[in-house]
Structure formats: C-alpha cells, structure tokens
Amino acid sequence: MKITKKAKREAKQLYRFCLLNGLLDENRARQVVQRFVATGERDCLPILTHFLRLVKLDCVQHTATIESATLLPEDLKTIVQTELAHRYGLGLTTAFAQRPELIGGMRIQVGCDVYDGSVRAGLEALKRSF
Amino acid sequence: MADLLNEIKAQIAGAKVTAAKQNVGVIREVGDGVAKIEGLSDAMLNEMIDLGNGVTGLALNLDETEVGVVILGDFTQLKEGGEARTTGKLLQVPVGKGLLGRVVNLLGEPIDGKGPIKSDKTYPVEKTAPGIIRRRSVNQPVQTGIMPIDAMIPIGRGQRQLIIGDRGTGKTTICIDTMISQARLNKAAELAGDKDYRPLYCIYVAIGQKQSTIARVISVLEQAGAMPYTIVVASPASDSAANQYLVPFAGAAMGEWFMDNGMDALIVFDDLSKQAVAYRQVSLLLKRPSGREAYPGDVFYLHSRLLERAARVGEKYGNGSLTALPIIETQSGDVSAYIPTNVISITDGQIFLETDLFHQGVRPAINVGISVSRVGSAAQLKAVKQVAGQLKGDLAQFRELAAFAQFGSDLDEKTQAQIDRGRRIMEIFKQKQYNPIPVEIQVVVIWAAQNGYLDQVPVPRVKEFQNKLTEYFTTRKGQLLAKIEREKELGDELKAELKAAAEEFKQTWK
C-alpha cells in the first residue's frame with residue numbers, strides 16, 4: 001500500500017492527539033482509531049497503517065527488555081527497574097527474559113539503546129579485536 | 001605456576017566490568033545497494049553503520065523514524081530484520097606516501113595484488129575544504145608537457161581546470177600525459193639532487209570506467225615509469241553506484257594529505273559525469289526529491305564541495321597544494337547541459353576538446369578559442385609567457401581570417417602571411433599521445449615559430465622541422481636548454497644565443 005506524504009502527515013497529527021504529558025495514552029489511541037474509522041474517510045487505511053507504525057515505534061521506545069542467562073533475583077530486578085526509570089523517565093514498561101546463550105551478565109535494550117554486559121558480547125568483542 | 005594463578009586472580013579482582021551503550025536498529029528494507037533501517041536514533045550523517053556479516057553502510061538519509069543507508073559491500077548477505085548498529089566513525093581511508101605506486105578501491109584497500117598498504121594514518125572521506133584564510137593564489141606552474149596547454153591555457157598548482165569534451169576526444173590522454181610529465185620532472189629532479197624542486201604527486205580516480213580501460217591506463221603509467229609517483233583509486237563500472245559516488249572523495253582525501261603536509265599533488269577525476277549519474281541513482285533509491293534531469297537538488301553541492309578541496313595553501317599552513325583536473329563527458333558537444341554548466345562554473349577554467357578537430361588530425365583536439373585558464377597565467381613561466389603571450393590572439397585572428405579565406409577572395413600579403421603563420425602554429429601544436437614535451441623545448445619551438453623560422457617551411461613539413469629542431473637542440477645545445485630551464489626567462493643574452501643556434505640549424509635544414 002502506498003502511503004502518501006499527506007497520509008503520513010495526518011497520521012502524525014493523530015498520533016500527537018494521543019499524547020498526554022509526552023506519553024502515549026492508550027485510551028486516547030483507541031478512541032482516535034474508533035472515531036477515525038467511523039468518519040469513513042477515503043485515506044483511512046493508509047493513515048491508520050502509518051498511525052499503527054508510529055504507535056508501534058512508541059511502544060518499542062518505551063519498552064525495556066532485560067535479558068540474562070539465568071533468572072534475576074527480585075531485588076536485582078527492582079534495582080534495574082529503578083535505574084532505568086531514573087534514566088529514561090516514567091512510562092517505561094520492563095520485560096525480563098532468560099537467554100542462556102548470553103552465558104553470563106545482562107543485556108538491556110530500551111528502544112534503540114543497547115547496554116550489553118553479557119559474557120557473550122565480551123567474547124565477540126574479543127574475537128573482533130584479534 | 002602459583003605466581004601465574006595469583007597474577008590472574010589479581011587481574012580478575014581489579015577488573016572493571018562496563019557495558020558500553022550501543023545504538024541499534026533493524027533492517028526494514030534492503031535492495032539495490034540501499035537499506036532502510038528502523039531505529040538508529042543516534043546515527044549521524046555520513047556515519048559508518050555496521051550492518052553485520054562484515055558489511056558496512058553509510059548513513060545518508062536521517063528521517064524521523066528511519067535511516068537511509070548506502071551499502072558499501074556485498075548487500076546480498078543482508079536480510080530484512082537483521083540488526084544494524086552505529087559505529088561512531090566517519091568513512092575513512094588510509095593516506096600517505098605508502099599509497100604511491102598502488103591501485104586501491106574506495107576504502108583504500110589494495111586491488112593490485114601487491115600486498116597490504118603501509119600506512120598508519122587515515123583521513124575522513126568527507127572533509128571541509130580549506131578556508132579563505134589558509135588559501136593563497138596560485139603561483140607555481142603545473143607543466144603538463146602539452147604545448148597548447150602550457151603555452152595558452154596554463155595551469156597553476158592548486159588550480160581546478162576542467163577538461164571537457166565528447167567521448168573519444170582525448171580527455172583521459174591529456175591527464176595521463178600530465179601525469180607522465182610530472183613523473184619525468186620528479187625523476188629528473190631526484191637524479192639531479194635538486195632540493196628546491198617540489199615534486200608533484202598524482203592521483204588518478206577512475207569512476208565507473210570499464211576494468212579494461214583502467215588496466216590500460218595503469219599499463220601506460222607503468223610503461224612510462226609514472227606509477228612510483230601515482231596513486232590509482234578505482235571504482236569500475238561493476239562497482240555499486242554508492243562506491244562510484246564516493247570514490248572521488250576518497251581520492252581527494254588522499255590528495256589532501258599531501259597538501260596538508262606541505263607537498264604538492266594533482267588529482268584527476270575521470271569522470272565527474274559518471275559520478276553525477278551514480279549520485280542520481282543513489283538519491284532516487286533513497287527516495288530523495290529529484291530535480292532537473294532527475295538529478296537531486298544538491299548535485300551542484302556534490303561537485304562544488306569536492307572541487308573546493310583543491311587549493312593552494314599559504315606558507316604559514318605548509319605551502320602545499322592540490323590541483324584538480326576534473327573530466328566531464330559531453331553529449332554531442334553540448335556544453336550547456338546541466339552537469340557541464342555546473343562544473344564549468346565551479347572550476348578555474350576549462351579545456352574544450354572537439355570531435356571535429358580530433359578527426360581533422362589536430363591532436364590534442366583542443367579548441368583554443370573557447371578554452372580558458374582564469375588563474376593559471378599568474379603561475380606561467382616567464383619564458384613561456386614571453387614567447388607565447390601573443391599566441392592566443394594570433395590564433396584567434398587566424399581562425400577568423402581562415403574562415404574568410406574559404407570564400408576564395410583575393411587576400412593581401414599581410415593577411416596571407418597571418419594565415420600561413422597560423423597554419424604553422426597549428427601544426428606545431430599537434431603532439432603524439434603519452435609524449436609530453438619539456439618546457440625548454442616548448443620555449444625554443446614557439447620562439448622559432450614566432451620569429452619566422454618556420455615561415456619558409458612548407459606546412460606538411462612543419463612537424464618534421466620541429467622534430468629536427470628538437471633533436472638539434474637536445475643533442476647539440478643541451479647547455480642552452482639547461483640555461484633556459486634554470487633562468488626561466490629569456491633575457492637579451494639568451495635571445496641572442498637562441499638566434500645564433502636557430503640560424504645554425506637553419507643552415508643544416510633541407
């Protein structure tokens with residue numbers, strides 16, 4: 001589907017309507033989509049497709065994925081969550097996952113930022129340096 | 001053993017584990033040498049992007065949600081959904097004298113099979129041109145060894161002289177001749193132990209050319225002994241459009257190193273029309289808005305920022321220079337097309353080559369009437385200026401009169417003499433390819449022509465006369481030639497010696 005510049009611009013406007021104090025408000029997003037669909041506008045599909053992409057990117061930007069070789073103890077999880085909230089502000093969703101191939105250490109990804117302190121990343125860096 | 005264990009334990013105890021922050025993105029689209037990457041929020045313009053599998057890209061489009069990247073390598077290994085990361089580095093190439101005599105690609109990697117390049121320094125491919133404070137006007141000549149150029153369209157060190165013409169008119173040959181001439185002068189100065197001579201190193205940038213053509217150029221340079229003073233940077237037609245667009249900048253970076261270190265260098269861009277086409281392709285693939293002839297709006301800036309890097313810097317800044325000889329290929333002699341007019345306006349002069357002249361046997365096929373050097377005369381040797389000062393005007397007059405004479409009307413003696421002189425001068429300007437003429441020989445030949453020594457020679461025998469005169473001076477009057485070269489000016493004494501020698505030669509000429 002071809003998404004025109006105009007459609008992208010309008011999708012961006014819709015996305016801005018959904019922001020509350022700089023953060024995406026889920027209820028507003030739902031309402032915007034419902035009402036927009038109800039209007040039956042001609043460019044509805046490309047606009048909403050791009051809107052979906054913007055929402056998806058926003059979700060990624062506000063999601064922290066914390067991976068470790070073994071499950072982390074609760075106290076460490078709390079420390080990590082607090083540190084991330086301190087660095088990236090409120091509205092951050094955190095998800096913990098277990099990845100044995102990391103061997104040890106932790107890998108944290110928040111949007112585009114990656115902090116890789118895993119043993120595997122260290123070994124790869126060492127491999128590259130040779 | 002116990003010591004070793006203790007040492008390792010101590011190292012572990014003192015080790016500090018840090019996790020450096022990285023900026024990553026996901027490849028959303030890949031094809032035709034271009035990738036769109038979602039994320040990479042910290043990417044900088046022209047930053048190198050690690051695309052995985054040892055493939056590198058260059059960030060050219062920074063959009064709100066994605067980054068447009070041109071891929072510098074084999075993009076067939078990349079897949080949608082793959083991870084890309086910023087490197088924090090700009091595209092860089094190795095620089096230095098270690099590159100002389102080598103053939104390299106865009107990244108400065110050797111492609112001549114002669115092993116790794118000895119260079120420990122790198123320069124960014126995109127670099128800001130020297131500012132007005134650092135610059136000075138040209139005052140030293142580039143001896144091309146091509147008589148019509150050295151006499152009438154002189155080039156100075158630090159100048160940007162465009163060579164423009166249709167295909168097959170001898171544009172590359174002029175540049176190769178110039179490079180061979182520099183190599184000969186460099187070698188002669190080295191052998192003579194002349195410490196005042198500033199060697200001129202050459203960089204030949206081949207853009208979008210056939211591999212066979214590049215191989216031929218290299219072979220000519222090797223045969224002429226010019227390779228030890230030359231770097232060849234090649235991006236042949238089989239390279240991606242991104243490589244072809246970037247390779248002139250890589251060559252310029254290599255040339256800038258010489259300039260920054262107080263040396264002189266000459267760079268040939270062969271040719272910028274192909275670079276503009278490659279840039280158009282990259283821009284269209286990146287979905288940048290297109291303008292005239294589908295070129296992007298910044299195609300002028302593409303060439304201006306490249307050619308502005310050629311400069312002559314002041315003594316305070318090392319006294320180095322980078323001379324640029326960009327080549328533009330025209331279609332059916334149309335110099336008013338988009339790219340030719342852009343480059344004409346950027347450069348300090350242009351040498352027009354014409355197909356008609358080429359087919360008439362005038363080689364190099366330079367149209368002297370519309371060729372011009374805006375700054376080079378300031379750097380021209382005084383001896384050349386003395387003998388060739390009137391040449392351009394004389395030839396212009398000759399062309400007008402010759403056109404008039406075509407109607408078959410009777411001509412007075414003076415007009416006929418002017419036409420005859422013009423024909424003879426046109427003859428002496430014909431020159432074999434890859435055979436640059438030393439400046440002192442040029443002075444002698446033009447002096448002889450200007451002083452009427454050729455007037456009695458039939459036009460078809462002018463070339464023969466010139467060759468014999470050259471041979472005579474080279475074999476018998478070596479000291480006189482050396483004197484011209486040393487003094488760089490024709491004083492009364494030198495003129496008298498020249499006259500005596502020419503008279504002596506005239507006695508032997510049959």
# chains A, B, ... in the order shown; residues from 1 in each chain; ligands from 1
>>> residues_around(residues="A:Leu54", least_positions_apart="2", cutoff="9 Å", atoms="only C-alpha atoms", output="ChimeraX atom specification")
/A:11-12,15,49-52,56-59 /B:65
>>> interface_residues(of="chain B", to="chain A", cutoff="7 Å", atoms="only C-alpha atoms", output="ChimeraX atom specification")
/B:18-25,39-41
>>> residues_around(residues="B:Leu284", least_positions_apart="3", cutoff="12 Å", atoms="only C-alpha atoms", output="ChimeraX atom specification")
/B:32-34,61,68,70,241-242,277-281,287-291,293-297
>>> residues_around(residues="stretch 34-48 of chain A", least_positions_apart="6", cutoff="7 Å", atoms="only C-alpha atoms", output="PDB file with N, CA and C atoms, in the first residue's frame")
ATOM      1  N   ILE A   3       1.703   4.804   0.943  1.00  0.00           N
ATOM      2  CA  ILE A   3       1.336   5.786   1.969  1.00  0.00           C
ATOM      3  C   ILE A   3       1.904   7.134   1.543  1.00  0.00           C
ATOM      4  N   ALA A   7      -0.848  11.439   3.901  1.00  0.00           N
ATOM      5  CA  ALA A   7      -1.336  10.429   4.838  1.00  0.00           C
ATOM      6  C   ALA A   7      -0.407  10.341   6.054  1.00  0.00           C
ATOM      7  N   LYS A   8       0.902  10.418   5.769  1.00  0.00           N
ATOM      8  CA  LYS A   8       1.876  10.345   6.874  1.00  0.00           C
ATOM      9  C   LYS A   8       1.710  11.537   7.820  1.00  0.00           C
ATOM     10  N   GLU A  10      -1.012  13.297   8.313  1.00  0.00           N
ATOM     11  CA  GLU A  10      -2.255  13.190   9.091  1.00  0.00           C
ATOM     12  C   GLU A  10      -2.134  12.141  10.191  1.00  0.00           C
ATOM     13  N   ALA A  11      -1.420  11.060   9.867  1.00  0.00           N
ATOM     14  CA  ALA A  11      -1.208  10.015  10.877  1.00  0.00           C
ATOM     15  C   ALA A  11      -0.402  10.587  12.049  1.00  0.00           C
TER      16      ALA A  11
END
>>> residues_around(residues="A:Arg28", least_positions_apart="3", cutoff="8 Å", atoms="only C-alpha atoms", output="ChimeraX atom specification")
/A:17-19,25,31-32
>>> select_by_dssp(residues="stretch 15-55 of chain A", states="helix (DSSP H, G or I)", output="list in words")
Tyr15, Arg16, Phe17, Glu26, Asn27, Arg28, Ala29, Arg30, Gln31, Val32, Val33, Gln34, Arg35, Phe36, Val37, Ala38, Thr39, Cys44, Leu45, Pro46, Ile47, Leu48, Thr49, His50, Phe51, Leu52, Arg53, Leu54 and Val55 of chain A
>>> residues_around(residues="A:Phe96", least_positions_apart="4", cutoff="12 Å", atoms="only C-alpha atoms", output="PDB file with N, CA and C atoms, in the first residue's frame")
ATOM      1  N   THR A  63       9.789   0.553  25.906  1.00  0.00           N
ATOM      2  CA  THR A  63       9.860  -0.796  26.465  1.00  0.00           C
ATOM      3  C   THR A  63      11.316  -1.149  26.731  1.00  0.00           C
ATOM      4  N   ALA A  64      11.561  -1.612  27.932  1.00  0.00           N
ATOM      5  CA  ALA A  64      12.913  -2.061  28.272  1.00  0.00           C
ATOM      6  C   ALA A  64      12.903  -3.578  28.358  1.00  0.00           C
ATOM      7  N   THR A  65      13.770  -4.221  27.573  1.00  0.00           N
ATOM      8  CA  THR A  65      13.869  -5.673  27.615  1.00  0.00           C
ATOM      9  C   THR A  65      15.168  -6.029  28.326  1.00  0.00           C
ATOM     10  N   ILE A  66      15.047  -6.738  29.400  1.00  0.00           N
ATOM     11  CA  ILE A  66      16.237  -7.111  30.177  1.00  0.00           C
ATOM     12  C   ILE A  66      16.436  -8.619  30.047  1.00  0.00           C
ATOM     13  N   GLU A  67      17.537  -8.968  29.418  1.00  0.00           N
ATOM     14  CA  GLU A  67      17.820 -10.387  29.197  1.00  0.00           C
ATOM     15  C   GLU A  67      19.012 -10.801  30.049  1.00  0.00           C
ATOM     16  N   SER A  68      18.912 -12.003  30.585  1.00  0.00           N
ATOM     17  CA  SER A  68      20.036 -12.527  31.367  1.00  0.00           C
ATOM     18  C   SER A  68      20.120 -14.035  31.153  1.00  0.00           C
ATOM     19  N   ALA A  69      21.296 -14.591  31.457  1.00  0.00           N
ATOM     20  CA  ALA A  69      21.489 -16.028  31.241  1.00  0.00           C
ATOM     21  C   ALA A  69      20.622 -16.839  32.212  1.00  0.00           C
ATOM     22  N   THR A  70      20.507 -16.348  33.438  1.00  0.00           N
ATOM     23  CA  THR A  70      19.647 -17.018  34.432  1.00  0.00           C
ATOM     24  C   THR A  70      18.606 -16.019  34.924  1.00  0.00           C
ATOM     25  N   LEU A  71      17.599 -16.511  35.552  1.00  0.00           N
ATOM     26  CA  LEU A  71      16.561 -15.598  36.067  1.00  0.00           C
ATOM     27  C   LEU A  71      17.152 -14.690  37.148  1.00  0.00           C
ATOM     28  N   LEU A  72      16.778 -13.448  37.105  1.00  0.00           N
ATOM     29  CA  LEU A  72      17.351 -12.500  38.064  1.00  0.00           C
ATOM     30  C   LEU A  72      16.567 -12.531  39.382  1.00  0.00           C
ATOM     31  N   PRO A  73      17.242 -12.360  40.510  1.00  0.00           N
ATOM     32  CA  PRO A  73      16.511 -12.279  41.797  1.00  0.00           C
ATOM     33  C   PRO A  73      15.675 -11.001  41.855  1.00  0.00           C
ATOM     34  N   GLU A  74      14.634 -11.023  42.619  1.00  0.00           N
ATOM     35  CA  GLU A  74      13.678  -9.907  42.664  1.00  0.00           C
ATOM     36  C   GLU A  74      14.326  -8.575  43.043  1.00  0.00           C
ATOM     37  N   LEU A  76      17.364  -7.586  42.553  1.00  0.00           N
ATOM     38  CA  LEU A  76      18.154  -7.059  41.418  1.00  0.00           C
ATOM     39  C   LEU A  76      17.222  -6.478  40.350  1.00  0.00           C
ATOM     40  N   LYS A  77      16.091  -7.161  40.148  1.00  0.00           N
ATOM     41  CA  LYS A  77      15.102  -6.661  39.173  1.00  0.00           C
ATOM     42  C   LYS A  77      14.648  -5.260  39.567  1.00  0.00           C
ATOM     43  N   THR A  78      14.375  -5.084  40.848  1.00  0.00           N
ATOM     44  CA  THR A  78      13.903  -3.785  41.332  1.00  0.00           C
ATOM     45  C   THR A  78      14.961  -2.706  41.111  1.00  0.00           C
ATOM     46  N   VAL A  80      17.328  -2.680  38.867  1.00  0.00           N
ATOM     47  CA  VAL A  80      17.433  -2.390  37.423  1.00  0.00           C
ATOM     48  C   VAL A  80      16.271  -1.488  36.993  1.00  0.00           C
ATOM     49  N   GLN A  81      15.047  -1.832  37.449  1.00  0.00           N
ATOM     50  CA  GLN A  81      13.861  -1.036  37.066  1.00  0.00           C
ATOM     51  C   GLN A  81      13.986   0.399  37.545  1.00  0.00           C
ATOM     52  N   MET A 106      24.301  -9.373  31.672  1.00  0.00           N
ATOM     53  CA  MET A 106      22.957  -8.880  31.362  1.00  0.00           C
ATOM     54  C   MET A 106      22.966  -8.077  30.063  1.00  0.00           C
ATOM     55  N   ARG A 107      21.874  -8.109  29.347  1.00  0.00           N
ATOM     56  CA  ARG A 107      21.742  -7.283  28.137  1.00  0.00           C
ATOM     57  C   ARG A 107      20.439  -6.509  28.258  1.00  0.00           C
ATOM     58  N   ILE A 108      20.544  -5.196  28.229  1.00  0.00           N
ATOM     59  CA  ILE A 108      19.341  -4.364  28.382  1.00  0.00           C
ATOM     60  C   ILE A 108      19.124  -3.574  27.101  1.00  0.00           C
ATOM     61  N   GLN A 109      17.915  -3.627  26.591  1.00  0.00           N
ATOM     62  CA  GLN A 109      17.594  -2.828  25.397  1.00  0.00           C
ATOM     63  C   GLN A 109      16.395  -1.943  25.687  1.00  0.00           C
TER      64      GLN A 109
END
>>> residues_around(residues="B:Ala43", least_positions_apart="2", cutoff="8 Å", atoms="only C-alpha atoms", output="MDAnalysis selection string")
chainID B and resid 23 40:41 45 47 59 62 67 86 88
>>> write_last_selection(atoms="N, CA and C atoms", output="compact mmCIF listing (two decimals), in the first residue's frame")
# COMPACT_ATOMS: atom_id res chain seq x y z
N ASN B 23 23.92 1.93 19.91
CA ASN B 23 22.66 2.33 19.29
C ASN B 23 22.37 1.37 18.17
N LEU B 40 18.08 3.33 15.15
CA LEU B 40 19.34 4.08 14.99
C LEU B 40 19.11 5.57 15.28
N SER B 41 18.49 5.84 16.41
CA SER B 41 18.12 7.22 16.72
C SER B 41 19.33 8.13 16.90
N LEU B 45 24.97 11.94 10.28
CA LEU B 45 25.06 11.98 8.81
C LEU B 45 26.47 11.52 8.40
N GLU B 47 27.78 8.74 8.88
CA GLU B 47 28.40 7.81 9.82
C GLU B 47 28.42 6.40 9.24
N ALA B 59 25.38 6.20 6.44
CA ALA B 59 24.07 6.83 6.70
C ALA B 59 23.96 8.12 5.88
N LEU B 62 18.68 10.85 7.16
CA LEU B 62 18.24 10.71 8.55
C LEU B 62 16.80 11.19 8.63
N VAL B 67 16.49 5.40 8.97
CA VAL B 67 17.74 5.92 8.42
C VAL B 67 17.98 5.25 7.07
N THR B 86 25.29 1.61 15.05
CA THR B 86 26.15 2.76 14.72
C THR B 86 27.58 2.44 15.18
N GLY B 88 29.97 5.23 15.31
CA GLY B 88 30.56 6.47 15.81
C GLY B 88 31.72 6.95 14.96
>>> closest_residue(among="B:Val138, B:Met48, B:Ile214, B:Leu395", to="B:Asn319", atoms="only C-alpha atoms")
B:Val138
